[in-house]
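Q: Here's a structure for you.
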Amino acid sequence: MKLKLILGSFAMFLMVSLNSGTSQNVVALESSGVTSIYNHLDSAMNHAVAGDILYLSGGSYTPVAGTLVISKNVNIIGAGHYPDSTLATGRTVINGNIQVQTNASGGMMEGLYITGELLFAPSGNNYVNGYRISRCFIYERLMLSHSQSTPNPTVQNIFLEENVIRNYVYFAEAKNLSINKNIFQSYISGVSGQATFRNNIFLLHATTACTSTPTFNNLNGALMYDNIIVNIGCSGISSGTFSGNSFYNNIFSSVVSFPIGNNQGTDNIIGEPIDSVFVAHTFDNFSYINNYHLFPTSPGINGGSDGTDIGIFGTAFPYKEGSVPFNPHIQSQVIAPATNSQGKLNINIKVKAQDR
């Protein structure tokens, strides 16, 4: 039934997009098996109820107030953000901030390029229990609170998977964090137990001197498995409190020696030159042209705790190429500029189903 709903919504979504002459700024709202089409994201969100799905086409969406407020248990699915996988549709861009509020518990977002910051707000008493953020690009900071100085331990069961996060992440002492196969370009902070980090890439200060916060700030009680931690230029990997963490089968570009205080580490690869880690990379920031597969001679190949590769392309379900969302994906579209002599419009659309 779920597959039928997805395909039905997708078919109507595609039809309306084509009839309107553009795939820009269209939202298909799936509610109890009925699909409605909206031209504005705010309108679709206002009409949504708990359990609904919002399918966003490629294009740019600018919330009226500059912030998209998610205060309902809804699923938001875009077209993706990688340029090479959104050639036919364009990437789905949210211009502005996103604010996740208490009643959003159980919801998710996938396949979005967010130009602003993603906050769990509006106050420190945010009781989100269960939320998934996957295959998104977050240009500014991600905070599980409304400010970097306010812990928010009532937030729990948060899943981050296969995202690219350009600015720092404040976990606000939230509980039961599952952080898998993400690319972090800045530091993370505010971890206080019940947090597992698997197969991520940390790219902080890849070439410049470490003049600010190292990779881990106030990191406590975390389990770190099969990550790649690049922090060239930093004399250490942590600042603030750093206690009770366990590091297993990670690659470090710097030289560290465990135990560090009461932080334990085993089977880590230490002081690995960055040129022997990735197939292709630049030293400054994340780039879509980089290839974050492991170099053929990297000791991280099959070096993970589960016998697969260290980094985002490990595990039984590696980082998905192009971060394509799980809904049917438009690979190409050719639409004639006008109808033929019989009044028919020639349309050639290539769509590929996704298994995850």
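Following the order of the structure tokens, first chain is A, next is B, and so on, with residues numbered from 1 inside each chain and ligands from 1 in the order they appear.
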Any chance you could list, as JSON, numbers by chain, the residues in region 35-80 of chain A that come up alpha helix (DSSP H) when DSSP is run on the backbone?

A: {"A": [41, 42, 43, 44, 45, 46, 47]}

Q: Quick one: residues within 8 Å of Gly90 (chain A), only C-alpha atoms counted, chain neighbours fewer than 6 positions away excluded, as a count of residues only?

A: 4

Q: Name the residues in contact with Phe202 (chain A) at a cut-off of 9 Å, using only C-alpha atoms, excluding same-chain residues fewer than 6 positions from it; report them as a list in words.

A: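 Near neighbours after the sequence-gap exclusion: Asn182, Ile183, Phe184, Gln185, Ser186, Tyr187, Thr215, Asn227, Ile228, Ile229, Val230 and Asn231 of chain A.
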
Q: Neighbouring residues of region 259-276 of chain A were defined as those with any atom within 7 Å, considering only C-alpha atoms; residues of the same chain fewer than 4 positions away were excluded. Please report them as a PyMOL selection string.

A: chain A and resi 243-255+295+298

Q: I'd like the neighbourhood of Met143 (chain A) as a PDB file with C-alpha atoms, in the first residue's frame, where a residue qualifies if any of its atoms comes within 10 Å (using only C-alpha atoms), though same-chain residues fewer than 6 positions away should be ignored.

A:
```pdb
ATOM      1  CA  GLN A  99      12.830  25.054  12.750  1.00  0.00           C
ATOM      2  CA  GLU A 117      20.459  26.732   9.669  1.00  0.00           C
ATOM      3  CA  LEU A 118      18.450  23.839  11.036  1.00  0.00           C
ATOM      4  CA  LEU A 119      17.355  24.322  14.659  1.00  0.00           C
ATOM      5  CA  PHE A 120      15.307  22.404  17.179  1.00  0.00           C
ATOM      6  CA  ALA A 121      13.448  25.411  18.551  1.00  0.00           C
ATOM      7  CA  THR A 150      21.357  25.801  25.829  1.00  0.00           C
ATOM      8  CA  PRO A 151      21.363  22.026  26.424  1.00  0.00           C
ATOM      9  CA  ASN A 152      18.225  20.245  25.307  1.00  0.00           C
ATOM     10  CA  TYR A 168      29.275  23.171  13.176  1.00  0.00           C
ATOM     11  CA  VAL A 169      26.820  20.848  14.897  1.00  0.00           C
ATOM     12  CA  TYR A 170      25.586  21.328  18.458  1.00  0.00           C
ATOM     13  CA  PHE A 171      23.976  18.159  19.801  1.00  0.00           C
ATOM     14  CA  ALA A 172      22.738  19.944  22.956  1.00  0.00           C
ATOM     15  CA  ILE A 188      30.756  18.937  16.661  1.00  0.00           C
ATOM     16  CA  SER A 189      29.918  19.753  20.269  1.00  0.00           C
ATOM     17  CA  GLY A 190      27.509  19.113  23.123  1.00  0.00           C
TER      18      GLY A 190
END
```

Q: Wanna dump the region 76-169 of chain A-region 28-52 of chain A contacts at 12 Å for me, each residue with its shortest atom pair and the distance in Å to one decimal, counting only C-alpha atoms, ordered by chain and number, as a tab-separated table?

A:
```
residue	atom	partner	partner_atom	distance
A:Ile76	CA	A:Asp52	CA	8.8
A:Ile77	CA	A:Ala28	CA	10.0
A:Gly78	CA	A:Ala28	CA	10.6
A:Thr92	CA	A:Leu41	CA	11.7
A:Val93	CA	A:Leu41	CA	11.4
A:Ile94	CA	A:Leu41	CA	9.5
A:Asn95	CA	A:Leu41	CA	11.3
A:Asn103	CA	A:Ala50	CA	8.8
A:Ala104	CA	A:Ala50	CA	8.4
A:Ser105	CA	A:Ala50	CA	9.7
A:Gly106	CA	A:Gly51	CA	8.8
A:Gly107	CA	A:Gly51	CA	7.9
A:Met108	CA	A:Gly51	CA	10.5
```

Q: Please return as an MDAnalysis selection string: the residues of region 18-262 of chain A that backbone DSSP assigns to strand (DSSP E).

A: chainID A and resid 27:31 34:38 53:56 59:61 67:70 75:77 92:94 97:100 107:110 113:114 118:120 129:134 137:138 142:143 156:161 164:165 169:170 175:180 183:184 188:198 201:202 216:225 228:229 238:243 246:248 251:252

Q: Of the residues A:Ser85, A:Thr297, A:Val100, A:Leu142, which is the one nearest to Thr67 (chain A), using only C-alpha atoms?

A: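 Nearest to Thr67 (chain A): A:Val100.
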
Q: Nearest residue to Phe242 (chain A) out of A:Leu294, A:Val64, A:Ala222, A:Ala316, using only C-alpha atoms?

A: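 The shortest atom-to-atom distance to Phe242 (chain A) comes from A:Ala222.
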
Q: Show me, as a list in words, the residues that have an atom within 8 Å of Leu177 (chain A) when counting only C-alpha atoms, minus same-chain residues fewer than 5 positions from it.

A: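 Listing them by chain and then by number gives Gln156, Asn157, Ile158, Phe159, Gln194, Ala195 and Thr196 of chain A.
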
Q: I need the residues from that last selection saved to file as a PDB file, in the first residue's frame (with N, CA and C atoms), if you can.

A:
```
ATOM      1  N   GLN A 156      15.412  13.428  21.900  1.00  0.00           N
ATOM      2  CA  GLN A 156      15.981  12.085  21.896  1.00  0.00           C
ATOM      3  C   GLN A 156      15.590  11.331  20.630  1.00  0.00           C
ATOM      4  N   ASN A 157      16.336  10.240  20.395  1.00  0.00           N
ATOM      5  CA  ASN A 157      16.101   9.378  19.232  1.00  0.00           C
ATOM      6  C   ASN A 157      16.188  10.164  17.918  1.00  0.00           C
ATOM      7  N   ILE A 158      17.348  10.777  17.713  1.00  0.00           N
ATOM      8  CA  ILE A 158      17.608  11.564  16.516  1.00  0.00           C
ATOM      9  C   ILE A 158      18.550  10.780  15.608  1.00  0.00           C
ATOM     10  N   PHE A 159      18.195  10.710  14.329  1.00  0.00           N
ATOM     11  CA  PHE A 159      18.979   9.963  13.354  1.00  0.00           C
ATOM     12  C   PHE A 159      19.477  10.914  12.269  1.00  0.00           C
ATOM     13  N   GLN A 194      25.042   8.352  25.258  1.00  0.00           N
ATOM     14  CA  GLN A 194      23.997   7.793  24.405  1.00  0.00           C
ATOM     15  C   GLN A 194      24.089   8.323  22.974  1.00  0.00           C
ATOM     16  N   ALA A 195      25.307   8.312  22.433  1.00  0.00           N
ATOM     17  CA  ALA A 195      25.529   8.788  21.068  1.00  0.00           C
ATOM     18  C   ALA A 195      26.499   7.846  20.364  1.00  0.00           C
ATOM     19  N   THR A 196      26.125   7.403  19.166  1.00  0.00           N
ATOM     20  CA  THR A 196      26.974   6.523  18.379  1.00  0.00           C
ATOM     21  C   THR A 196      27.253   7.167  17.034  1.00  0.00           C
TER      22      THR A 196
END
```

Q: In Å to one decimal, how far is CA of Asn97 (chain A) from CA of Pro122 (chain A)?

A: 12.4 Å

Q: Need the shell around Glu110 (chain A): protein/DNA/RNA residues with any atom at most 12 Å away, counting only C-alpha atoms. Skip same-chain ones fewer than 4 positions apart. Format as a ChimeraX atom specification?

A: /A:53-56,74-81,91-94,114,131-138,159-164,323-327,356

Q: Since we have the selection now, will you write its residues out, keeping N, CA and C atoms, as an mmCIF file, in the first residue's frame?

A:
```cif
data_model
loop_
_atom_site.group_PDB
_atom_site.id
_atom_site.type_symbol
_atom_site.label_atom_id
_atom_site.label_comp_id
_atom_site.auth_asym_id
_atom_site.auth_seq_id
_atom_site.Cartn_x
_atom_site.Cartn_y
_atom_site.Cartn_z
ATOM 1 N N ILE A 53 2.748 13.231 3.832
ATOM 2 C CA ILE A 53 4.016 13.289 3.105
ATOM 3 C C ILE A 53 3.985 14.477 2.160
ATOM 4 N N LEU A 54 5.035 15.299 2.188
ATOM 5 C CA LEU A 54 5.177 16.420 1.272
ATOM 6 C C LEU A 54 6.299 16.105 0.301
ATOM 7 N N TYR A 55 5.964 15.996 -0.989
ATOM 8 C CA TYR A 55 6.956 15.776 -2.032
ATOM 9 C C TYR A 55 7.274 17.117 -2.681
ATOM 10 N N LEU A 56 8.547 17.520 -2.621
ATOM 11 C CA LEU A 56 8.973 18.795 -3.193
ATOM 12 C C LEU A 56 9.709 18.537 -4.508
ATOM 13 N N VAL A 74 5.277 15.169 9.975
ATOM 14 C CA VAL A 74 5.166 15.014 8.527
ATOM 15 C C VAL A 74 6.514 14.590 7.963
ATOM 16 N N ASN A 75 6.481 13.997 6.774
ATOM 17 C CA ASN A 75 7.681 13.612 6.052
ATOM 18 C C ASN A 75 7.864 14.549 4.867
ATOM 19 N N ILE A 76 9.048 15.131 4.738
ATOM 20 C CA ILE A 76 9.337 16.074 3.655
ATOM 21 C C ILE A 76 10.421 15.463 2.774
ATOM 22 N N ILE A 77 10.104 15.273 1.490
ATOM 23 C CA ILE A 77 11.013 14.581 0.585
ATOM 24 C C ILE A 77 11.270 15.462 -0.630
ATOM 25 N N GLY A 78 12.535 15.813 -0.836
ATOM 26 C CA GLY A 78 12.913 16.615 -1.991
ATOM 27 C C GLY A 78 13.482 15.775 -3.110
ATOM 28 N N ALA A 79 14.025 16.449 -4.125
ATOM 29 C CA ALA A 79 14.582 15.767 -5.294
ATOM 30 C C ALA A 79 16.056 15.445 -5.141
ATOM 31 N N GLY A 80 16.676 15.932 -4.045
ATOM 32 C CA GLY A 80 18.089 15.714 -3.825
ATOM 33 C C GLY A 80 18.879 16.999 -3.961
ATOM 34 N N HIS A 81 20.214 16.901 -3.714
ATOM 35 C CA HIS A 81 21.039 18.114 -3.774
ATOM 36 C C HIS A 81 22.313 17.937 -4.589
ATOM 37 N N ARG A 91 18.030 20.684 -8.083
ATOM 38 C CA ARG A 91 17.996 20.289 -6.677
ATOM 39 C C ARG A 91 16.880 21.022 -5.941
ATOM 40 N N THR A 92 16.453 20.467 -4.840
ATOM 41 C CA THR A 92 15.412 21.087 -4.023
ATOM 42 C C THR A 92 16.081 21.975 -2.977
ATOM 43 N N VAL A 93 15.863 23.275 -3.080
ATOM 44 C CA VAL A 93 16.535 24.253 -2.220
ATOM 45 C C VAL A 93 15.521 24.910 -1.283
ATOM 46 N N ILE A 94 15.810 24.894 0.014
ATOM 47 C CA ILE A 94 15.046 25.665 0.995
ATOM 48 C C ILE A 94 15.854 26.915 1.297
ATOM 49 N N ILE A 114 19.592 23.018 2.185
ATOM 50 C CA ILE A 114 19.115 24.053 3.113
ATOM 51 C C ILE A 114 20.161 25.154 3.186
ATOM 52 N N TYR A 131 13.297 11.759 15.238
ATOM 53 C CA TYR A 131 13.302 12.567 14.024
ATOM 54 C C TYR A 131 14.500 12.139 13.188
ATOM 55 N N ARG A 132 14.294 12.064 11.869
ATOM 56 C CA ARG A 132 15.337 11.594 10.959
ATOM 57 C C ARG A 132 15.646 12.675 9.921
ATOM 58 N N ILE A 133 16.937 12.950 9.750
ATOM 59 C CA ILE A 133 17.415 13.882 8.732
ATOM 60 C C ILE A 133 18.394 13.110 7.862
ATOM 61 N N SER A 134 18.077 12.958 6.591
ATOM 62 C CA SER A 134 18.926 12.131 5.737
ATOM 63 C C SER A 134 19.100 12.748 4.356
ATOM 64 N N ARG A 135 20.288 12.559 3.799
ATOM 65 C CA ARG A 135 20.631 12.955 2.428
ATOM 66 C C ARG A 135 20.310 14.416 2.159
ATOM 67 N N CYS A 136 20.603 15.262 3.138
ATOM 68 C CA CYS A 136 20.422 16.711 2.999
ATOM 69 C C CYS A 136 21.775 17.411 3.028
ATOM 70 N N PHE A 137 21.819 18.609 2.453
ATOM 71 C CA PHE A 137 22.974 19.500 2.578
ATOM 72 C C PHE A 137 22.537 20.659 3.465
ATOM 73 N N ILE A 138 23.245 20.872 4.559
ATOM 74 C CA ILE A 138 22.921 21.962 5.492
ATOM 75 C C ILE A 138 24.073 22.957 5.437
ATOM 76 N N PHE A 159 18.195 10.710 14.329
ATOM 77 C CA PHE A 159 18.979 9.963 13.354
ATOM 78 C C PHE A 159 19.477 10.914 12.269
ATOM 79 N N LEU A 160 20.788 10.992 12.096
ATOM 80 C CA LEU A 160 21.399 11.747 10.999
ATOM 81 C C LEU A 160 22.118 10.753 10.106
ATOM 82 N N GLU A 161 21.740 10.706 8.826
ATOM 83 C CA GLU A 161 22.318 9.730 7.918
ATOM 84 C C GLU A 161 22.599 10.341 6.551
ATOM 85 N N GLU A 162 23.835 10.207 6.096
ATOM 86 C CA GLU A 162 24.245 10.561 4.738
ATOM 87 C C GLU A 162 24.004 12.034 4.408
ATOM 88 N N ASN A 163 24.211 12.898 5.386
ATOM 89 C CA ASN A 163 24.102 14.336 5.161
ATOM 90 C C ASN A 163 25.472 14.955 4.937
ATOM 91 N N VAL A 164 25.486 16.137 4.333
ATOM 92 C CA VAL A 164 26.666 16.989 4.281
ATOM 93 C C VAL A 164 26.340 18.227 5.103
ATOM 94 N N SER A 323 23.360 10.780 -3.291
ATOM 95 C CA SER A 323 22.354 11.046 -2.244
ATOM 96 C C SER A 323 20.937 11.088 -2.808
ATOM 97 N N VAL A 324 20.632 10.189 -3.713
ATOM 98 C CA VAL A 324 19.303 10.159 -4.318
ATOM 99 C C VAL A 324 18.279 9.731 -3.266
ATOM 100 N N PRO A 325 17.188 10.494 -3.075
ATOM 101 C CA PRO A 325 16.152 10.105 -2.107
ATOM 102 C C PRO A 325 15.507 8.777 -2.486
ATOM 103 N N PHE A 326 14.739 8.210 -1.556
ATOM 104 C CA PHE A 326 14.211 6.861 -1.747
ATOM 105 C C PHE A 326 13.012 6.807 -2.683
ATOM 106 N N ASN A 327 12.378 7.945 -2.974
ATOM 107 C CA ASN A 327 11.213 7.919 -3.860
ATOM 108 C C ASN A 327 11.663 7.801 -5.320
ATOM 109 N N ARG A 356 16.089 2.083 -1.537
ATOM 110 C CA ARG A 356 16.318 2.638 -0.201
ATOM 111 C C ARG A 356 16.587 4.140 -0.305
#
```

Q: Between A:Gln101, A:Asn167, A:Ser239, A:Asn200, single out the one closest to Asn285 (chain A), counting only C-alpha atoms.

A: A:Asn167
